[in-house]
Amino acid sequence: MALDGKLLAKAREELENRHADNVAEHFLRQEKIYSRIPEVERIDTRLRTQMTELVGLTIRGGAELNDAIKKLEDESMELQAKKAELLVEHGYAMDYLDDIYSCPKCRDTGYVNGKMCSCLKALYNAEVTRELGTLLKNSDECFEKFDLSLYGSARESMEIVFDTCREYAQSFSDRSMNLMFQGGTGLGKTFLSACIARVVAENGHSVCYDTASSALEAFETKKFSRDIQTAENAAVKVERMLDCELMILDDLGTEMPTPMAVSALYTLINTRLVNGRKTVISTNLTDAELLKRYNAQICSRLEGEFTKLPFFGSDIRLLKKEI
């Protein structure tokens with residue numbers, strides 16, 4: 001996936017902050033132990049001088065080099081064992097003074113063998129989600145706050161939809177299916193798609209979440225804007241939408257039905273399908289209305305590549321006003 005330099009810099013900054021916090025915590029632990037167990041400080045001082053001696057021995061060489069190095073190694077093992085023993089005796093874990101890392105795999109560098117570590121990727125994905133998550137506005141968008149009791153006679157059907165969405169979010173991977181939410185206004189399509197976005201993002205995947213109107217407008221701005229900066233910003237947004245692991249396109253059918261919008265929609269859906277990226281689409285339109293509004297290529301992909309989840313019931317927003 002092509003990475004956005006600005007967002008990657010933010011992710012690296014967060015990783016550096018974590019590393020700084022870990023270094024500070026290690027220093028505090030060290031000060032505390034040295035004051036309570038002075039013998040540990042003397043051991044650490046000796047271990048550091050051993051490193052200097054080892055370098056000197058290596059430079060000088062000589063016939064007795066191996067014996068001298070073996071002697072230092074034996075002494076080091078004894079000192080480390082004694083240090084661990086002292087820590088345990090005073091109620092601390094034997095590794096209490098080891099270096100602290102948020103990510104042991106990369107030791108908070110962000111890279112393992114020249115490749116981006118999963119910890120830095122997760123931080124980058126969080127930045128991507130934060131940058132484009134215009135619909136994730138408050139903590140209400142979580143599965144725990146989805147009220148099935150509002151669906152009356154449609155509750156059983158909506159419970160299946162709810163369980164499917166929650167399982168989808170919790171187990172999301174590159175093997176997940178594409179989803180399309182269909183149903184009238186106010187049935188919870190936007191709310192559940194936001195719930196999915198939040199959980200998938202929290203699990204370290206990159207998520208783009210936008211309305212169809214805003215998302216497709218970015219394609220047009222990228223192509224036709226005369227302002228260089230505006231066009232560049234739109235291009236970055238388009239690239240993220242094409243490349244992110246999960247794209248959630250809300251309110252399909254509310255955008256202006258222009259040839260450019262239809263072309264952009266086809267590009268977005270088809271590119272993501274070709275690259276194995278997953279997409280969740282919500283719409284108020286029926287199959288017949290989709291076929292009437294969009295071309296056969298788009299409808300064919302929606303029909304063949306997306307699992308449809310029908311939403312039932314009465315407008316939840318109106319019901320809440322009556323309560």
# chains A, B, ... in the order shown; residues from 1 in each chain; ligands from 1
call {"tool": "select_by_dssp", "arguments": {"residues": "range 99-250 of chain A", "states": "alpha helix (DSSP H)", "output": "number ranges by chain"}}
result
A: 118-132, 155-170, 189-202, 212-224, 228-243
call {"tool": "select_by_dssp", "arguments": {"residues": "range 6-246 of chain A", "states": "strand (DSSP E)", "output": "list in words"}}
result
Tyr111, Val112, Lys115, Met116, Asn178, Leu179, Met180, Phe181, Gln182, Val207, Cys208, Tyr209, Asp210, Thr211 and Leu246 of chain A
call {"tool": "residues_around", "arguments": {"residues": "range 192-208 of chain A", "least_positions_apart": "6", "cutoff": "10 Å", "atoms": "only C-alpha atoms", "output": "number ranges by chain"}}
result
A: 118-137, 139-146, 161-162, 165-173, 179-181, 215, 237, 240-250, 278-282
call {"tool": "write_last_selection", "arguments": {"atoms": "C-alpha atoms", "output": "JSON list (two decimals), in the first residue's frame"}}
result
[["chain", "number", "residue", "atom", "x", "y", "z"],
["A", 118, "SER", "CA", 3.06, -4.39, 12.69],
["A", 119, "CYS", "CA", 3.12, -1.85, 15.53],
["A", 120, "LEU", "CA", 4.02, 1.04, 13.21],
["A", 121, "LYS", "CA", 1.52, -0.20, 10.63],
["A", 122, "ALA", "CA", -1.22, -0.19, 13.29],
["A", 123, "LEU", "CA", -0.33, 3.39, 14.28],
["A", 124, "TYR", "CA", -0.32, 4.44, 10.61],
["A", 125, "ASN", "CA", -3.70, 2.81, 10.03],
["A", 126, "ALA", "CA", -5.08, 4.64, 13.06],
["A", 127, "GLU", "CA", -3.92, 7.93, 11.53],
["A", 128, "VAL", "CA", -5.54, 7.05, 8.20],
["A", 129, "THR", "CA", -8.80, 6.27, 9.96],
["A", 130, "ARG", "CA", -8.66, 9.46, 12.04],
["A", 131, "GLU", "CA", -7.97, 11.54, 8.93],
["A", 132, "LEU", "CA", -10.92, 10.26, 6.94],
["A", 133, "GLY", "CA", -13.30, 9.23, 9.71],
["A", 134, "THR", "CA", -15.66, 12.16, 9.24],
["A", 135, "LEU", "CA", -18.67, 10.10, 10.32],
["A", 136, "LEU", "CA", -17.10, 8.70, 13.50],
["A", 137, "LYS", "CA", -18.01, 11.63, 15.68],
["A", 139, "SER", "CA", -18.56, 7.20, 21.36],
["A", 140, "ASP", "CA", -22.22, 6.34, 20.74],
["A", 141, "GLU", "CA", -21.22, 4.47, 17.60],
["A", 142, "CYS", "CA", -20.58, 1.11, 19.24],
["A", 143, "PHE", "CA", -22.36, -2.23, 19.07],
["A", 144, "GLU", "CA", -23.24, -2.09, 22.77],
["A", 145, "LYS", "CA", -25.52, 0.89, 22.15],
["A", 146, "PHE", "CA", -27.49, -0.62, 19.27],
["A", 161, "VAL", "CA", -28.13, -8.35, 10.73],
["A", 162, "PHE", "CA", -26.66, -7.08, 14.01],
["A", 165, "CYS", "CA", -22.10, -6.99, 11.50],
["A", 166, "ARG", "CA", -20.53, -7.55, 14.90],
["A", 167, "GLU", "CA", -18.89, -10.81, 13.83],
["A", 168, "TYR", "CA", -17.69, -9.15, 10.62],
["A", 169, "ALA", "CA", -16.02, -6.36, 12.59],
["A", 170, "GLN", "CA", -14.41, -8.59, 15.19],
["A", 171, "SER", "CA", -13.01, -11.12, 12.71],
["A", 172, "PHE", "CA", -12.20, -8.75, 9.82],
["A", 173, "SER", "CA", -9.36, -9.90, 7.56],
["A", 179, "LEU", "CA", -21.25, -6.13, 2.42],
["A", 180, "MET", "CA", -24.13, -4.01, 1.15],
["A", 181, "PHE", "CA", -26.71, -2.65, 3.59],
["A", 215, "ALA", "CA", -15.99, 10.22, -1.59],
["A", 237, "LYS", "CA", -7.82, 10.99, -0.35],
["A", 240, "ARG", "CA", -6.33, 6.09, 0.54],
["A", 241, "MET", "CA", -9.85, 5.06, -0.44],
["A", 242, "LEU", "CA", -8.50, 2.77, -3.12],
["A", 243, "ASP", "CA", -5.79, 1.23, -0.93],
["A", 244, "CYS", "CA", -7.24, 1.00, 2.60],
["A", 245, "GLU", "CA", -8.11, -2.43, 3.93],
["A", 246, "LEU", "CA", -11.76, -1.52, 4.52],
["A", 247, "MET", "CA", -13.70, 1.19, 2.67],
["A", 248, "ILE", "CA", -17.11, 2.09, 4.05],
["A", 249, "LEU", "CA", -19.23, 4.03, 1.58],
["A", 250, "ASP", "CA", -22.30, 5.44, 3.26],
["A", 278, "LYS", "CA", -12.97, -5.08, 1.25],
["A", 279, "THR", "CA", -15.88, -2.65, 0.99],
["A", 280, "VAL", "CA", -19.08, -2.01, 2.93],
["A", 281, "ILE", "CA", -21.77, 0.01, 1.13],
["A", 282, "SER", "CA", -25.03, 1.31, 2.59]]
call {"tool": "closest_residue", "arguments": {"among": "A:Leu72, A:Leu252, A:Val112, A:Cys117", "to": "Thr286 in chain A", "atoms": "only C-alpha atoms"}}
result
A:Leu252
call {"tool": "atom_distance", "arguments": {"atom1": "CA of Leu265 in chain A", "atom2": "CA of Lys308 in chain A"}}
result
18.0 Å
call {"tool": "residues_around", "arguments": {"residues": "Thr267 in chain A", "least_positions_apart": "2", "cutoff": "12 Å", "atoms": "only C-alpha atoms", "output": "PDB file with N, CA, C and O atoms, in the first residue's frame"}}
result
ATOM      1  N   ALA A 215     -17.026  11.103  -1.038  1.00  0.00           N
ATOM      2  CA  ALA A 215     -15.991  10.224  -1.586  1.00  0.00           C
ATOM      3  C   ALA A 215     -15.864  10.385  -3.097  1.00  0.00           C
ATOM      4  O   ALA A 215     -14.759  10.531  -3.638  1.00  0.00           O
ATOM      5  N   LEU A 216     -16.995  10.382  -3.799  1.00  0.00           N
ATOM      6  CA  LEU A 216     -16.953  10.454  -5.261  1.00  0.00           C
ATOM      7  C   LEU A 216     -16.576  11.853  -5.737  1.00  0.00           C
ATOM      8  O   LEU A 216     -15.984  12.020  -6.808  1.00  0.00           O
ATOM      9  N   PHE A 219     -12.832  12.259  -6.433  1.00  0.00           N
ATOM     10  CA  PHE A 219     -12.339  11.836  -7.752  1.00  0.00           C
ATOM     11  C   PHE A 219     -12.441  12.993  -8.747  1.00  0.00           C
ATOM     12  O   PHE A 219     -11.531  13.229  -9.537  1.00  0.00           O
ATOM     13  N   GLU A 220     -13.570  13.692  -8.701  1.00  0.00           N
ATOM     14  CA  GLU A 220     -13.783  14.813  -9.614  1.00  0.00           C
ATOM     15  C   GLU A 220     -12.824  15.953  -9.304  1.00  0.00           C
ATOM     16  O   GLU A 220     -12.251  16.564 -10.218  1.00  0.00           O
ATOM     17  N   VAL A 238      -8.208  10.021  -2.539  1.00  0.00           N
ATOM     18  CA  VAL A 238      -8.591   8.961  -3.476  1.00  0.00           C
ATOM     19  C   VAL A 238      -7.673   7.753  -3.312  1.00  0.00           C
ATOM     20  O   VAL A 238      -8.131   6.600  -3.280  1.00  0.00           O
ATOM     21  N   GLU A 239      -6.376   8.008  -3.183  1.00  0.00           N
ATOM     22  CA  GLU A 239      -5.418   6.909  -3.046  1.00  0.00           C
ATOM     23  C   GLU A 239      -5.696   6.099  -1.789  1.00  0.00           C
ATOM     24  O   GLU A 239      -5.645   4.870  -1.789  1.00  0.00           O
ATOM     25  N   MET A 241      -8.598   5.806  -0.263  1.00  0.00           N
ATOM     26  CA  MET A 241      -9.850   5.060  -0.436  1.00  0.00           C
ATOM     27  C   MET A 241      -9.640   3.822  -1.296  1.00  0.00           C
ATOM     28  O   MET A 241     -10.282   2.788  -1.085  1.00  0.00           O
ATOM     29  N   LEU A 242      -8.767   3.909  -2.257  1.00  0.00           N
ATOM     30  CA  LEU A 242      -8.504   2.765  -3.125  1.00  0.00           C
ATOM     31  C   LEU A 242      -7.664   1.703  -2.420  1.00  0.00           C
ATOM     32  O   LEU A 242      -7.816   0.500  -2.683  1.00  0.00           O
ATOM     33  N   MET A 260     -19.582  11.575 -14.262  1.00  0.00           N
ATOM     34  CA  MET A 260     -18.322  11.529 -13.525  1.00  0.00           C
ATOM     35  C   MET A 260     -18.468  10.730 -12.240  1.00  0.00           C
ATOM     36  O   MET A 260     -17.595   9.939 -11.869  1.00  0.00           O
ATOM     37  N   ALA A 261     -19.587  10.925 -11.549  1.00  0.00           N
ATOM     38  CA  ALA A 261     -19.817  10.200 -10.295  1.00  0.00           C
ATOM     39  C   ALA A 261     -19.943   8.703 -10.550  1.00  0.00           C
ATOM     40  O   ALA A 261     -19.409   7.885  -9.793  1.00  0.00           O
ATOM     41  N   VAL A 262     -20.646   8.337 -11.617  1.00  0.00           N
ATOM     42  CA  VAL A 262     -20.801   6.920 -11.965  1.00  0.00           C
ATOM     43  C   VAL A 262     -19.449   6.311 -12.310  1.00  0.00           C
ATOM     44  O   VAL A 262     -19.122   5.194 -11.890  1.00  0.00           O
ATOM     45  N   SER A 263     -18.643   7.052 -13.066  1.00  0.00           N
ATOM     46  CA  SER A 263     -17.308   6.577 -13.432  1.00  0.00           C
ATOM     47  C   SER A 263     -16.433   6.397 -12.196  1.00  0.00           C
ATOM     48  O   SER A 263     -15.710   5.406 -12.064  1.00  0.00           O
ATOM     49  N   ALA A 264     -16.522   7.370 -11.283  1.00  0.00           N
ATOM     50  CA  ALA A 264     -15.721   7.301 -10.061  1.00  0.00           C
ATOM     51  C   ALA A 264     -16.154   6.113  -9.202  1.00  0.00           C
ATOM     52  O   ALA A 264     -15.316   5.411  -8.625  1.00  0.00           O
ATOM     53  N   LEU A 265     -17.452   5.868  -9.127  1.00  0.00           N
ATOM     54  CA  LEU A 265     -17.963   4.758  -8.334  1.00  0.00           C
ATOM     55  C   LEU A 265     -17.459   3.430  -8.900  1.00  0.00           C
ATOM     56  O   LEU A 265     -17.040   2.540  -8.148  1.00  0.00           O
ATOM     57  N   ILE A 269     -15.106   0.821  -6.778  1.00  0.00           N
ATOM     58  CA  ILE A 269     -15.543  -0.553  -6.496  1.00  0.00           C
ATOM     59  C   ILE A 269     -14.656  -1.566  -7.213  1.00  0.00           C
ATOM     60  O   ILE A 269     -14.178  -2.543  -6.612  1.00  0.00           O
ATOM     61  N   ASN A 270     -14.433  -1.351  -8.495  1.00  0.00           N
ATOM     62  CA  ASN A 270     -13.695  -2.334  -9.289  1.00  0.00           C
ATOM     63  C   ASN A 270     -12.230  -2.438  -8.860  1.00  0.00           C
ATOM     64  O   ASN A 270     -11.687  -3.541  -8.766  1.00  0.00           O
ATOM     65  N   THR A 271     -11.587  -1.288  -8.619  1.00  0.00           N
ATOM     66  CA  THR A 271     -10.184  -1.305  -8.202  1.00  0.00           C
ATOM     67  C   THR A 271     -10.020  -2.064  -6.893  1.00  0.00           C
ATOM     68  O   THR A 271      -9.090  -2.862  -6.726  1.00  0.00           O
ATOM     69  N   ARG A 272     -10.927  -1.828  -5.968  1.00  0.00           N
ATOM     70  CA  ARG A 272     -10.836  -2.505  -4.681  1.00  0.00           C
ATOM     71  C   ARG A 272     -11.085  -4.012  -4.824  1.00  0.00           C
ATOM     72  O   ARG A 272     -10.427  -4.827  -4.174  1.00  0.00           O
ATOM     73  N   LEU A 273     -12.018  -4.389  -5.686  1.00  0.00           N
ATOM     74  CA  LEU A 273     -12.271  -5.814  -5.915  1.00  0.00           C
ATOM     75  C   LEU A 273     -11.053  -6.491  -6.538  1.00  0.00           C
ATOM     76  O   LEU A 273     -10.649  -7.582  -6.112  1.00  0.00           O
ATOM     77  N   VAL A 274     -10.470  -5.849  -7.528  1.00  0.00           N
ATOM     78  CA  VAL A 274      -9.303  -6.417  -8.216  1.00  0.00           C
ATOM     79  C   VAL A 274      -8.148  -6.613  -7.239  1.00  0.00           C
ATOM     80  O   VAL A 274      -7.415  -7.615  -7.298  1.00  0.00           O
ATOM     81  N   ASN A 275      -7.974  -5.664  -6.305  1.00  0.00           N
ATOM     82  CA  ASN A 275      -6.858  -5.721  -5.365  1.00  0.00           C
ATOM     83  C   ASN A 275      -7.182  -6.476  -4.080  1.00  0.00           C
ATOM     84  O   ASN A 275      -6.363  -6.524  -3.154  1.00  0.00           O
ATOM     85  N   GLN A 297     -22.298  -2.521 -15.406  1.00  0.00           N
ATOM     86  CA  GLN A 297     -21.019  -2.964 -14.838  1.00  0.00           C
ATOM     87  C   GLN A 297     -21.018  -2.834 -13.321  1.00  0.00           C
ATOM     88  O   GLN A 297     -20.595  -3.744 -12.607  1.00  0.00           O
ATOM     89  N   ILE A 298     -21.497  -1.699 -12.828  1.00  0.00           N
ATOM     90  CA  ILE A 298     -21.540  -1.477 -11.383  1.00  0.00           C
ATOM     91  C   ILE A 298     -22.520  -2.442 -10.727  1.00  0.00           C
ATOM     92  O   ILE A 298     -22.208  -3.092  -9.732  1.00  0.00           O
ATOM     93  N   ARG A 301     -21.293  -5.993 -10.358  1.00  0.00           N
ATOM     94  CA  ARG A 301     -20.338  -6.186  -9.270  1.00  0.00           C
ATOM     95  C   ARG A 301     -21.029  -6.149  -7.905  1.00  0.00           C
ATOM     96  O   ARG A 301     -20.686  -6.911  -7.004  1.00  0.00           O
TER      97      ARG A 301
END
call {"tool": "residues_around", "arguments": {"residues": "Leu150 in chain A", "least_positions_apart": "4", "cutoff": "10 Å", "atoms": "only C-alpha atoms", "output": "PDB file with N, CA and C atoms, in the first residue's frame"}}
result
ATOM      1  N   PHE A 146     -26.487  -0.353  20.308  1.00  0.00           N
ATOM      2  CA  PHE A 146     -27.485  -0.616  19.268  1.00  0.00           C
ATOM      3  C   PHE A 146     -28.698  -1.262  19.924  1.00  0.00           C
ATOM      4  N   ALA A 154     -39.820  -6.560  13.553  1.00  0.00           N
ATOM      5  CA  ALA A 154     -38.648  -6.839  12.699  1.00  0.00           C
ATOM      6  C   ALA A 154     -37.416  -7.201  13.527  1.00  0.00           C
ATOM      7  N   ARG A 155     -37.598  -7.322  14.834  1.00  0.00           N
ATOM      8  CA  ARG A 155     -36.447  -7.535  15.709  1.00  0.00           C
ATOM      9  C   ARG A 155     -35.660  -8.793  15.346  1.00  0.00           C
ATOM     10  N   LEU A 187     -32.944   3.251   9.580  1.00  0.00           N
ATOM     11  CA  LEU A 187     -33.017   1.874  10.066  1.00  0.00           C
ATOM     12  C   LEU A 187     -31.710   1.394  10.705  1.00  0.00           C
ATOM     13  N   GLY A 313     -37.922  -2.580   9.455  1.00  0.00           N
ATOM     14  CA  GLY A 313     -38.459  -1.843  10.586  1.00  0.00           C
ATOM     15  C   GLY A 313     -38.949  -0.462  10.209  1.00  0.00           C
ATOM     16  N   SER A 314     -39.208   0.351  11.247  1.00  0.00           N
ATOM     17  CA  SER A 314     -39.654   1.736  11.063  1.00  0.00           C
ATOM     18  C   SER A 314     -38.503   2.670  11.369  1.00  0.00           C
ATOM     19  N   ASP A 315     -38.613   3.907  10.896  1.00  0.00           N
ATOM     20  CA  ASP A 315     -37.561   4.904  11.083  1.00  0.00           C
ATOM     21  C   ASP A 315     -37.252   5.067  12.571  1.00  0.00           C
ATOM     22  N   ILE A 316     -36.044   4.664  12.966  1.00  0.00           N
ATOM     23  CA  ILE A 316     -35.650   4.691  14.380  1.00  0.00           C
ATOM     24  C   ILE A 316     -35.605   6.116  14.915  1.00  0.00           C
ATOM     25  N   ARG A 317     -35.181   7.047  14.089  1.00  0.00           N
ATOM     26  CA  ARG A 317     -35.081   8.439  14.541  1.00  0.00           C
ATOM     27  C   ARG A 317     -36.465   8.976  14.924  1.00  0.00           C
ATOM     28  N   LEU A 319     -39.039   7.105  15.875  1.00  0.00           N
ATOM     29  CA  LEU A 319     -39.483   6.380  17.065  1.00  0.00           C
ATOM     30  C   LEU A 319     -38.877   6.980  18.327  1.00  0.00           C
ATOM     31  N   LYS A 320     -37.617   7.346  18.257  1.00  0.00           N
ATOM     32  CA  LYS A 320     -36.953   7.920  19.431  1.00  0.00           C
ATOM     33  C   LYS A 320     -37.580   9.262  19.834  1.00  0.00           C
TER      34      LYS A 320
END
call {"tool": "closest_residue", "arguments": {"among": "A:Ile59, A:Ser300, A:Thr254, A:Arg42", "to": "Glu217 in chain A", "atoms": "only C-alpha atoms"}}
result
A:Thr254
call {"tool": "residues_around", "arguments": {"residues": "Leu47 in chain A", "least_positions_apart": "4", "cutoff": "10 Å", "atoms": "only C-alpha atoms", "output": "list in words"}}
result
Glu41, Arg42, Ile43, Met51, Thr52, Glu53, Leu72, Glu75, Ser76, Met77, Leu79 and Gln80 of chain A
call {"tool": "write_last_selection", "arguments": {"atoms": "C-alpha atoms", "output": "compact mmCIF listing (two decimals), in the first residue's frame"}}
result
# COMPACT_ATOMS: atom_id res chain seq x y z
CA GLU A 41 24.16 -0.54 41.06
CA ARG A 42 27.66 -1.88 41.73
CA ILE A 43 26.88 -4.92 39.58
CA MET A 51 32.18 -4.03 27.88
CA THR A 52 35.09 -1.57 27.79
CA GLU A 53 37.53 -4.31 28.75
CA LEU A 72 34.88 -12.04 31.25
CA GLU A 75 32.10 -13.26 35.36
CA SER A 76 29.25 -11.54 33.46
CA MET A 77 27.00 -14.58 33.83
CA LEU A 79 26.99 -11.00 37.99
CA GLN A 80 23.70 -11.20 36.05
call {"tool": "closest_residue", "arguments": {"among": "A:Asn178, A:Thr190, A:Thr45, A:Ser213", "to": "Phe311 in chain A", "atoms": "only C-alpha atoms"}}
result
A:Thr190
call {"tool": "atom_distance", "arguments": {"atom1": "CA of Glu156 in chain A", "atom2": "CA of Lys189 in chain A"}}
result
16.3 Å
